[in-house]
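Peer 1: My structure file entry.txt, compact mmCIF, C-alpha atoms and all ligand atoms, is below:
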# COMPACT_ATOMS: atom_id res chain seq x y z
CA MET X 80 41.34 151.33 94.73
CA SER X 81 38.80 149.03 93.09
CA VAL X 82 36.46 152.00 92.46
CA TRP X 83 39.35 153.76 90.76
CA LEU X 84 40.11 150.66 88.67
CA ASP X 85 36.45 150.41 87.67
CA GLN X 86 36.45 154.06 86.63
CA LYS X 87 39.64 153.57 84.67
CA ALA X 88 38.27 150.50 82.88
CA GLU X 89 35.06 152.37 82.05
CA ARG X 90 37.00 155.39 80.79
CA ASN X 91 39.17 153.16 78.62
CA ARG X 92 36.14 151.32 77.27
CA GLN X 93 34.67 154.68 76.20
CA ALA X 94 37.99 155.83 74.73
CA VAL X 95 38.35 152.64 72.66
CA ALA X 96 34.76 153.07 71.43
CA ARG X 97 35.43 156.70 70.43
CA LEU X 98 38.74 155.86 68.79
CA THR X 99 37.30 152.90 66.86
CA LYS X 100 34.37 155.00 65.64
CA ALA X 101 36.63 157.83 64.42
CA LEU X 102 39.22 155.52 62.89
CA PRO X 103 39.49 155.59 59.07
CA SER X 104 39.80 152.23 57.29
CA ILE X 105 43.50 152.91 56.71
CA PHE X 106 45.57 153.82 59.76
CA PRO X 107 49.25 153.21 60.67
CA SER X 108 49.19 149.88 62.49
CA ALA X 109 52.14 150.66 64.79
CA VAL X 110 50.27 153.75 66.02
CA LEU X 111 47.06 151.82 66.59
CA SER X 112 48.63 148.93 68.48
CA ARG X 113 50.50 151.35 70.74
CA ALA X 114 47.30 153.35 71.37
CA LEU X 115 45.29 150.26 72.32
CA GLY X 116 48.06 149.03 74.60
CA ARG X 117 48.17 152.21 76.69
CA ALA X 118 46.95 152.45 80.27
CA PHE X 119 44.90 155.43 79.11
CA VAL X 120 43.80 154.86 75.53
CA PRO X 121 43.88 158.10 73.46
CA PRO X 122 40.27 158.68 72.32
CA THR X 123 40.96 160.14 68.84
CA PRO X 124 43.19 159.14 65.89
CA ARG X 125 45.01 162.47 66.17
CA LEU X 126 45.81 161.93 69.87
CA ALA X 127 46.88 158.37 69.09
CA ILE X 128 49.42 159.74 66.58
CA ASP X 129 50.62 162.41 69.03
CA SER X 130 51.09 159.82 71.72
CA TYR X 131 53.00 157.55 69.32
CA TRP X 132 55.58 160.22 68.43
CA ARG X 133 55.89 161.36 72.05
CA ALA X 134 56.89 157.81 72.88
CA HIS X 135 59.41 157.72 70.03
CA PRO X 136 61.27 161.05 70.02
CA LEU X 137 64.38 159.56 68.36
CA ARG X 138 62.29 158.15 65.54
CA ALA X 139 60.67 161.60 65.20
CA ASP X 140 64.11 163.25 65.14
CA ARG X 141 65.29 160.91 62.38
CA LEU X 142 62.10 161.30 60.36
CA ALA X 143 62.06 165.11 60.60
CA ARG X 144 65.65 165.29 59.34
CA ALA X 145 64.87 162.84 56.51
CA LEU X 146 61.80 164.87 55.46
CA ALA X 147 63.85 168.06 55.53
CA ARG X 148 66.38 166.41 53.20
CA ARG X 149 63.54 165.91 50.69
CA SER X 150 62.83 169.66 50.79
CA GLY X 151 66.36 171.04 50.89
CA ALA X 152 66.89 174.69 51.73
CA PRO X 153 64.95 177.35 49.83
CA ALA X 154 67.02 179.17 47.18
CA ARG X 155 68.86 182.21 48.61
CA TRP X 156 68.32 181.12 52.21
CA THR X 157 71.23 181.44 54.62
CA TRP X 158 71.35 180.85 58.36
CA ARG X 159 70.96 184.25 59.98
CA LEU X 160 70.06 185.48 63.46
CA GLY X 161 67.67 188.33 64.21
CA ASP X 162 67.96 191.13 66.78
CA ASN X 163 64.53 190.40 68.17
CA ARG X 164 61.65 187.99 67.83
CA LYS X 165 59.72 190.39 65.57
CA SER X 166 62.26 189.73 62.81
CA GLY X 167 60.93 186.17 62.53
CA LEU X 168 64.54 184.92 62.66
CA PRO X 169 66.00 182.91 65.54
CA VAL X 170 67.62 185.22 68.09
CA THR X 171 70.22 182.71 69.23
CA PHE X 172 72.45 180.13 67.55
CA ARG X 173 71.13 177.65 70.12
CA ALA X 174 67.84 177.40 68.20
CA PRO X 175 67.87 174.92 65.31
CA PRO X 176 67.88 176.75 61.96
CA ALA X 177 64.45 176.39 60.31
CA PRO X 178 64.13 178.24 56.98
CA TYR X 179 60.46 177.32 56.55
CA ARG X 180 59.61 179.03 59.85
CA GLU X 181 60.98 182.33 58.56
CA PRO X 182 58.26 184.62 57.14
CA ALA X 183 60.19 185.13 53.87
CA PHE X 184 60.26 181.39 53.11
CA ALA X 185 57.06 180.15 54.79
CA PRO X 186 55.43 177.69 52.37
CA GLY X 187 51.87 178.35 53.64
CA GLY X 188 49.03 176.09 54.76
CA GLY X 189 49.39 172.37 54.21
CA PHE X 190 53.18 172.36 54.55
CA CYS X 191 55.28 171.72 57.64
CA CYS X 192 57.21 174.73 58.95
CA VAL X 193 59.99 172.50 60.28
CA CYS X 194 60.75 170.21 57.32
CA GLY X 195 58.92 171.96 54.46
CA GLN X 196 57.05 168.81 53.36
CA PRO X 197 53.25 168.44 52.93
CA VAL X 198 51.21 167.66 56.05
CA TYR X 199 48.41 165.13 55.54
CA ARG X 200 45.43 164.00 57.58
CA PHE X 201 46.03 163.76 61.37
CA GLY X 202 49.39 165.52 60.95
CA TRP X 203 50.83 162.39 59.29
CA HIS X 204 53.73 162.74 56.83
CA ALA X 205 52.45 160.35 54.13
CA ASP X 206 49.15 160.59 52.27
CA LEU X 207 47.71 157.22 53.27
CA TRP X 208 44.22 158.45 52.44
CA ASP X 209 44.75 160.11 49.04
CA GLY X 210 43.22 163.28 50.44
CA GLY X 211 46.08 165.65 49.63
CA PRO X 212 47.66 168.06 52.13
CA ASN X 213 45.56 169.37 55.01
CA LYS X 214 45.50 173.10 54.22
CA ASN X 215 44.93 174.04 57.89
CA ALA X 216 48.02 172.25 59.17
CA ASN X 217 51.58 173.49 59.24
CA TRP X 218 53.31 170.99 61.53
CA HIS X 219 53.75 167.23 61.24
CA CYS X 220 53.05 165.50 64.55
CA ALA X 221 56.52 163.96 64.25
CA CYS X 222 58.14 167.35 63.61
CA VAL X 223 56.52 168.86 66.74
CA ILE X 224 58.27 166.19 68.82
CA ALA X 225 61.55 166.53 66.88
CA TRP X 226 61.45 170.30 67.39
CA GLN X 227 60.98 169.88 71.16
CA PHE X 228 63.80 167.34 71.24
CA TRP X 229 66.21 169.62 69.34
CA ASN X 230 65.41 172.56 71.61
CA ALA X 231 65.46 170.66 74.90
CA PRO X 232 67.24 167.31 74.49
CA SER X 233 67.66 167.00 78.26
CA GLY X 234 63.94 166.15 78.38
CA GLU X 235 64.92 162.78 76.90
CA ALA X 236 67.89 162.18 79.21
CA ARG X 237 66.58 158.78 80.35
CA LEU X 238 66.33 157.52 76.79
CA LEU X 239 69.77 158.83 75.84
CA ARG X 240 71.36 157.28 78.94
CA ARG X 241 69.86 153.92 78.05
CA LEU X 242 71.19 154.25 74.50
CA GLN X 243 74.73 154.66 75.91
CA ALA X 244 74.26 151.67 78.24
CA ARG X 245 74.56 154.20 81.10
CA ARG X 246 78.23 154.90 80.36
CA CYS X 247 79.73 158.39 80.12
CA ALA X 248 80.46 159.17 76.46
CA GLU X 249 83.67 161.07 77.39
CA THR X 250 85.25 158.80 80.00
CA GLY X 251 83.46 155.45 79.68
CA ALA X 252 82.77 155.54 83.43
CA ARG X 253 79.35 154.72 84.83
CA LEU X 254 76.93 157.64 84.41
CA TRP X 255 75.99 159.39 87.63
CA LYS X 256 72.46 160.58 88.36
CA THR X 257 73.70 164.14 87.78
CA ALA X 258 75.03 163.41 84.26
CA GLU X 259 74.23 166.00 81.62
CA ILE X 260 73.33 166.14 77.95
CA ASP X 261 76.04 167.64 75.79
CA HIS X 262 76.44 168.59 72.12
CA ARG X 263 79.61 166.83 70.90
CA VAL X 264 80.28 169.74 68.55
CA PRO X 265 79.19 172.72 70.68
CA LEU X 266 76.53 174.89 69.08
CA PHE X 267 78.69 178.05 69.35
CA ARG X 268 81.23 176.26 67.18
CA VAL X 269 78.57 175.22 64.66
CA TRP X 270 77.61 178.90 64.39
CA SER X 271 81.14 180.26 64.29
CA GLU X 272 82.85 177.64 62.11
CA ARG X 273 80.27 175.49 60.35
CA ARG X 274 77.58 178.04 59.56
CA ASP X 275 77.83 177.34 55.82
CA THR X 276 76.98 173.65 56.20
CA PRO X 277 74.05 173.18 53.83
CA TRP X 278 70.61 172.85 55.42
CA PRO X 279 69.28 170.39 56.46
CA GLU X 280 72.62 168.69 57.28
CA LEU X 281 72.94 171.53 59.79
CA LEU X 282 70.08 169.96 61.74
CA ASP X 283 72.26 166.93 62.50
CA TYR X 284 74.03 169.12 65.08
CA TRP X 285 70.75 169.34 67.04
CA GLY X 286 69.71 165.74 66.49
CA LEU X 287 70.93 162.45 67.89
CA PRO X 288 74.19 162.34 65.84
CA ASN X 289 75.57 165.26 67.89
CA LEU X 290 74.16 164.40 71.33
CA GLN X 291 75.82 162.57 74.17
CA VAL X 292 75.36 162.10 77.91
CA ILE X 293 78.44 162.79 79.99
CA ASN X 294 79.16 163.00 83.70
CA ARG X 295 79.05 166.42 85.24
CA ASP X 296 82.80 166.60 85.98
CA ALA X 297 83.66 165.57 82.39
CA HIS X 298 81.13 168.14 81.17
CA ALA X 299 82.64 170.90 83.33
CA ALA X 300 86.13 170.08 81.98
CA LYS X 301 84.84 170.07 78.38
CA CYS X 302 83.04 173.40 78.93
CA ALA X 303 86.19 174.96 80.42
CA THR X 304 88.25 173.91 77.39
CA GLU X 305 85.54 175.25 75.08
CA ALA X 306 85.36 178.55 76.96
CA HIS X 307 89.13 178.89 76.66
CA GLU X 308 88.97 178.17 72.91
CA ARG X 309 86.18 180.69 72.56
CA ARG X 310 88.22 183.40 74.31
CA THR X 311 91.27 182.61 72.17
CA MET X 312 89.11 182.69 69.05
CA ARG X 313 87.62 186.05 70.06
CA SER X 314 90.96 187.64 70.90
CA SER X 315 92.54 186.43 67.65
CA GLU X 316 89.54 187.87 65.79
CA LEU X 317 90.10 191.16 67.63
CA VAL X 318 93.81 191.16 66.81
CA ALA X 319 92.99 190.51 63.14
CA LYS X 320 90.44 193.32 63.16
CA PHE X 321 92.83 195.71 64.93
CA SER X 322 95.72 195.05 62.57
CA ALA X 323 93.35 195.33 59.60
CA ALA X 324 92.23 198.72 60.94
CA LYS X 325 95.84 199.83 61.38
CA THR X 326 96.94 198.77 57.92
CA GLY X 327 93.62 199.72 56.23
ZN ZN P 401 57.61 168.19 59.15
As structure tokens, what does this structure read like?
Ligand SMILES: [Zn+2]

Peer 2:
Amino acid sequence: MSVWLDQKAERNRQAVARLTKALPSIFPSAVLSRALGRAFVPPTPRLAIDSYWRAHPLRADRLARALARRSGAPARWTWRLGDNRKSGLPVTFRAPPAPYREPAFAPGGGFCCVCGQPVYRFGWHADLWDGGPNKNANWHCACVIAWQFWNAPSGEARLLRRLQARRCAETGARLWKTAEIDHRVPLFRVWSERRDTPWPELLDYWGLPNLQVINRDAHAAKCATEAHERRTMRSSELVAKFSAAKTG
């Protein structure tokens, strides 16, 4: 145990030395104080920034959506799905719409493919160093974490449970261990009914504003109602199509 502790202390001493040496004179203080307070200190400024956003996925979610609001959607862009991955379009409505990831609207090196804003040194979103965009980068560190969160919010279940004071968002009952993450407005409904919501407001359906933790039984009941609504929606669409075909 004590050998292990010695090794850990030595490793941390080296990491702090490396980090301090590589650190520019200007560096976000919140990132630095978190890095130095870690059990394993990240040895480079870039890793310190990664580790900061990994620890704050909700902050990353909020920032990525705010940055995207600065960009707005490219002219002529609409949310479309592709038949396959080669199309460069998302193949399912479950993936968050990201115009700047589509080949037709990709802004090129130095801009983030999630939010469309310039990426600066260390993947930071503000040019603290007056160096201009980093031409080799096309993700903000924050947007990497936001993207993961939007695609797999259940990875942050513990955080979301804490945010709800461990109460089920549907019933108010205590959350069970088996509670699940749910989109308040289901994504199929976003695609079928709210597709024309301007981007990036669309992203709010993947971010915290549309997420909740609910107990498994409440979730099953909600899913059953949604499935029923989906079937009704589909059959009324079919009826409309059929009668249009008959009269047309
Ligand atoms: Zn970004």

Peer 1: For a test of reading the model, state the distance in Å between atom CA of Arg274 of chain X and atom CA of Trp156 of chain X, rounded to one decimal.

Peer 2: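 A separation of 12.2 Å between them.
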
Peer 1: Using only C-alpha atoms and all ligand atoms, pick whichever of X:Ala252, X:Ala177, X:Ala306, X:Ala236 has the shortest atom-to-atom distance to ligand ZN 401 (chain P).

Peer 2: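 The closest residue to ligand ZN 401 (chain P) is X:Ala177.
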
Peer 1: Using only C-alpha atoms, which residues sit within 12 Å of Phe190 of chain X once same-chain residues fewer than 2 positions away are excluded, as an MDAnalysis selection string?

Peer 2: chainID X and resid 146:147 150 179:180 184:188 192:200 202:204 211:219 222

Peer 1: Store the residues picked out above in a file with C-alpha atoms, as a short mmCIF file (atom, residue, chain, number, x, y, z; two decimals), in the coordinates of the input.

Peer 2:
data_model
loop_
_atom_site.label_atom_id
_atom_site.label_comp_id
_atom_site.auth_asym_id
_atom_site.auth_seq_id
_atom_site.Cartn_x
_atom_site.Cartn_y
_atom_site.Cartn_z
CA LEU X 146 61.80 164.87 55.46
CA ALA X 147 63.85 168.06 55.53
CA SER X 150 62.83 169.66 50.79
CA TYR X 179 60.46 177.32 56.55
CA ARG X 180 59.61 179.03 59.85
CA PHE X 184 60.26 181.39 53.11
CA ALA X 185 57.06 180.15 54.79
CA PRO X 186 55.43 177.69 52.37
CA GLY X 187 51.87 178.35 53.64
CA GLY X 188 49.03 176.09 54.76
CA CYS X 192 57.21 174.73 58.95
CA VAL X 193 59.99 172.50 60.28
CA CYS X 194 60.75 170.21 57.32
CA GLY X 195 58.92 171.96 54.46
CA GLN X 196 57.05 168.81 53.36
CA PRO X 197 53.25 168.44 52.93
CA VAL X 198 51.21 167.66 56.05
CA TYR X 199 48.41 165.13 55.54
CA ARG X 200 45.43 164.00 57.58
CA GLY X 202 49.39 165.52 60.95
CA TRP X 203 50.83 162.39 59.29
CA HIS X 204 53.73 162.74 56.83
CA GLY X 211 46.08 165.65 49.63
CA PRO X 212 47.66 168.06 52.13
CA ASN X 213 45.56 169.37 55.01
CA LYS X 214 45.50 173.10 54.22
CA ASN X 215 44.93 174.04 57.89
CA ALA X 216 48.02 172.25 59.17
CA ASN X 217 51.58 173.49 59.24
CA TRP X 218 53.31 170.99 61.53
CA HIS X 219 53.75 167.23 61.24
CA CYS X 222 58.14 167.35 63.61
#

Peer 1: Go through X:Ala143, X:Val120, X:Ala225, X:Leu102 and flag the residue nearest ligand ZN 401 (chain P), using only C-alpha atoms and all ligand atoms for the distances.

Peer 2: X:Ala143

Peer 1: Here's a test: counting only C-alpha atoms, identify every protein, DNA and RNA residue with an atom at most 10 Å from (82.0, 178.5, 73.6) in the file's coordinate frame, and state them as an mmCIF file with C-alpha atoms, keeping the file's coordinate frame.

Peer 2:
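As a result, result-v1.cif now contains:
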data_model
loop_
_atom_site.group_PDB
_atom_site.id
_atom_site.type_symbol
_atom_site.label_atom_id
_atom_site.label_comp_id
_atom_site.auth_asym_id
_atom_site.auth_seq_id
_atom_site.Cartn_x
_atom_site.Cartn_y
_atom_site.Cartn_z
ATOM 1 C CA PRO X 265 79.190 172.720 70.680
ATOM 2 C CA LEU X 266 76.530 174.890 69.080
ATOM 3 C CA PHE X 267 78.690 178.050 69.350
ATOM 4 C CA ARG X 268 81.230 176.260 67.180
ATOM 5 C CA SER X 271 81.140 180.260 64.290
ATOM 6 C CA CYS X 302 83.040 173.400 78.930
ATOM 7 C CA ALA X 303 86.190 174.960 80.420
ATOM 8 C CA THR X 304 88.250 173.910 77.390
ATOM 9 C CA GLU X 305 85.540 175.250 75.080
ATOM 10 C CA ALA X 306 85.360 178.550 76.960
ATOM 11 C CA HIS X 307 89.130 178.890 76.660
ATOM 12 C CA GLU X 308 88.970 178.170 72.910
ATOM 13 C CA ARG X 309 86.180 180.690 72.560
ATOM 14 C CA ARG X 310 88.220 183.400 74.310
ATOM 15 C CA MET X 312 89.110 182.690 69.050
#

Peer 1: Pick from X:Leu137, X:Ala183, X:Ile224, X:Val95: nearest to ligand ZN 401 (chain P), with only C-alpha atoms and all ligand atoms counted?

Peer 2: X:Ile224

Peer 1: Let me have the centre and edge lengths in Å, one decimal, of the box along x, y and z around every listed atom of segment 263-281 of chain X with 4 Å of margin on each side, as JSON.

Peer 2:
{"center_x": 76.1, "center_y": 173.5, "center_z": 62.4, "size_x": 21.6, "size_y": 21.4, "size_z": 25.1}

Peer 1: Considering all atoms listed in the file, can you say which of X:Leu126, X:Ala109, X:Ala231, X:Leu281 comes closest to Ala94 of chain X?

Peer 2: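 Distance minimum relative to Ala94 of chain X lands on X:Leu126.
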
Peer 1: With all atoms listed in the file as the atoms that count, which of X:Gly234, X:Gly251, X:Gly167, X:Gly189 lies nearest to ligand ZN 401 (chain P)?

Peer 2: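 Smallest distance to ligand ZN 401 (chain P) is found for X:Gly189.
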
Peer 1: Between atom CA of Asp140 of chain X and atom CA of Pro176 of chain X, what is the distance in Å, rounded to a tenth?

Peer 2: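 Interatomic distance, atom CA of Asp140 of chain X to atom CA of Pro176 of chain X: 14.4 Å.
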
Peer 1: For atom CA of Glu249 of chain X and atom CA of Ala174 of chain X, determine how far apart the two atoms are, in Å to one decimal place.

Peer 2: 24.5 Å

Peer 1: From the list X:Pro153, X:Ala299, X:Asp261, X:Ala145, which residue is nearest ligand ZN 401 (chain P) when using all atoms listed in the file?

Peer 2: X:Ala145

Peer 1: Taking the block above, write segment 96-108 of chain X with all heavy atoms as a CSV table (one decimal), in the first residue's frame.

Peer 2:
chain,number,residue,atom,x,y,z
X,96,ALA,N,4.8,18.8,-12.6
X,96,ALA,CA,6.0,19.5,-13.2
X,96,ALA,C,5.8,19.6,-14.7
X,96,ALA,O,6.0,20.7,-15.3
X,96,ALA,CB,7.2,18.6,-12.9
X,97,ARG,N,5.3,18.6,-15.4
X,97,ARG,CA,5.0,18.6,-16.8
X,97,ARG,C,3.9,19.6,-17.1
X,97,ARG,O,4.1,20.4,-18.1
X,97,ARG,CB,4.5,17.2,-17.3
X,97,ARG,CG,5.6,16.4,-17.9
X,97,ARG,CD,5.0,15.1,-18.5
X,97,ARG,NE,4.4,15.4,-19.8
X,97,ARG,CZ,3.7,14.4,-20.4
X,97,ARG,NH1,3.5,13.2,-19.9
X,97,ARG,NH2,3.2,14.7,-21.6
X,98,LEU,N,2.9,19.6,-16.4
X,98,LEU,CA,1.7,20.5,-16.6
X,98,LEU,C,2.2,22.0,-16.4
X,98,LEU,O,1.9,22.8,-17.3
X,98,LEU,CB,0.6,20.2,-15.7
X,98,LEU,CG,-0.6,21.1,-15.8
X,98,LEU,CD1,-1.3,21.0,-17.1
X,98,LEU,CD2,-1.7,20.8,-14.7
X,99,THR,N,2.9,22.2,-15.3
X,99,THR,CA,3.4,23.6,-15.1
X,99,THR,C,4.3,24.1,-16.2
X,99,THR,O,4.2,25.3,-16.6
X,99,THR,CB,4.1,23.7,-13.7
X,99,THR,OG1,3.4,22.8,-12.8
X,99,THR,CG2,4.2,25.0,-13.1
X,100,LYS,N,5.2,23.2,-16.7
X,100,LYS,CA,6.1,23.6,-17.7
X,100,LYS,C,5.4,24.0,-19.0
X,100,LYS,O,5.7,24.9,-19.7
X,100,LYS,CB,7.1,22.4,-18.0
X,100,LYS,CG,8.3,22.9,-18.6
X,100,LYS,CD,9.4,21.8,-18.6
X,100,LYS,CE,10.4,22.1,-19.7
X,100,LYS,NZ,11.0,20.9,-20.3
X,101,ALA,N,4.3,23.2,-19.3
X,101,ALA,CA,3.6,23.4,-20.6
X,101,ALA,C,2.6,24.5,-20.5
X,101,ALA,O,2.0,24.9,-21.5
X,101,ALA,CB,3.0,22.0,-21.0
X,102,LEU,N,2.3,24.9,-19.3
X,102,LEU,CA,1.2,25.9,-19.1
X,102,LEU,C,1.5,27.3,-19.7
X,102,LEU,O,2.5,27.8,-19.3
X,102,LEU,CB,0.9,26.0,-17.6
X,102,LEU,CG,-0.5,26.2,-17.2
X,102,LEU,CD1,-1.5,25.1,-17.6
X,102,LEU,CD2,-0.6,26.3,-15.6
X,103,PRO,N,0.6,27.8,-20.5
X,103,PRO,CA,0.8,29.2,-21.0
X,103,PRO,C,0.5,30.2,-19.8
X,103,PRO,O,-0.1,29.8,-18.8
X,103,PRO,CB,-0.2,29.3,-22.1
X,103,PRO,CG,-1.2,28.3,-21.9
X,103,PRO,CD,-0.6,27.2,-21.0
X,104,SER,N,0.9,31.4,-20.0
X,104,SER,CA,0.7,32.4,-18.9
X,104,SER,C,-0.7,32.6,-18.6
X,104,SER,O,-1.1,32.9,-17.5
X,104,SER,CB,1.5,33.7,-19.2
X,104,SER,OG,1.1,34.2,-20.4
X,105,ILE,N,-1.6,32.5,-19.7
X,105,ILE,CA,-3.0,32.6,-19.5
X,105,ILE,C,-3.6,31.3,-19.6
X,105,ILE,O,-3.4,30.5,-20.6
X,105,ILE,CB,-3.6,33.6,-20.5
X,105,ILE,CG1,-3.0,34.9,-20.4
X,105,ILE,CG2,-5.1,33.7,-20.3
X,105,ILE,CD1,-3.4,35.9,-21.6
X,106,PHE,N,-4.4,30.9,-18.6
X,106,PHE,CA,-5.1,29.6,-18.6
X,106,PHE,C,-6.3,29.6,-17.8
X,106,PHE,O,-6.3,30.3,-16.7
X,106,PHE,CB,-4.1,28.5,-18.1
X,106,PHE,CG,-4.6,27.1,-18.5
X,106,PHE,CD1,-4.5,26.7,-19.8
X,106,PHE,CD2,-5.0,26.2,-17.5
X,106,PHE,CE1,-4.9,25.4,-20.2
X,106,PHE,CE2,-5.4,24.9,-17.9
X,106,PHE,CZ,-5.4,24.5,-19.2
X,107,PRO,N,-7.5,29.0,-18.2
X,107,PRO,CA,-8.7,29.1,-17.4
X,107,PRO,C,-8.5,28.6,-16.0
X,107,PRO,O,-8.1,27.5,-15.8
X,107,PRO,CB,-9.7,28.2,-18.1
X,107,PRO,CG,-9.1,28.0,-19.5
X,107,PRO,CD,-7.6,28.2,-19.4
X,108,SER,N,-8.7,29.5,-15.0
X,108,SER,CA,-8.3,29.1,-13.6
X,108,SER,C,-9.2,28.0,-13.0
X,108,SER,O,-8.7,27.2,-12.3
X,108,SER,CB,-8.4,30.4,-12.7
X,108,SER,OG,-9.8,30.8,-12.7
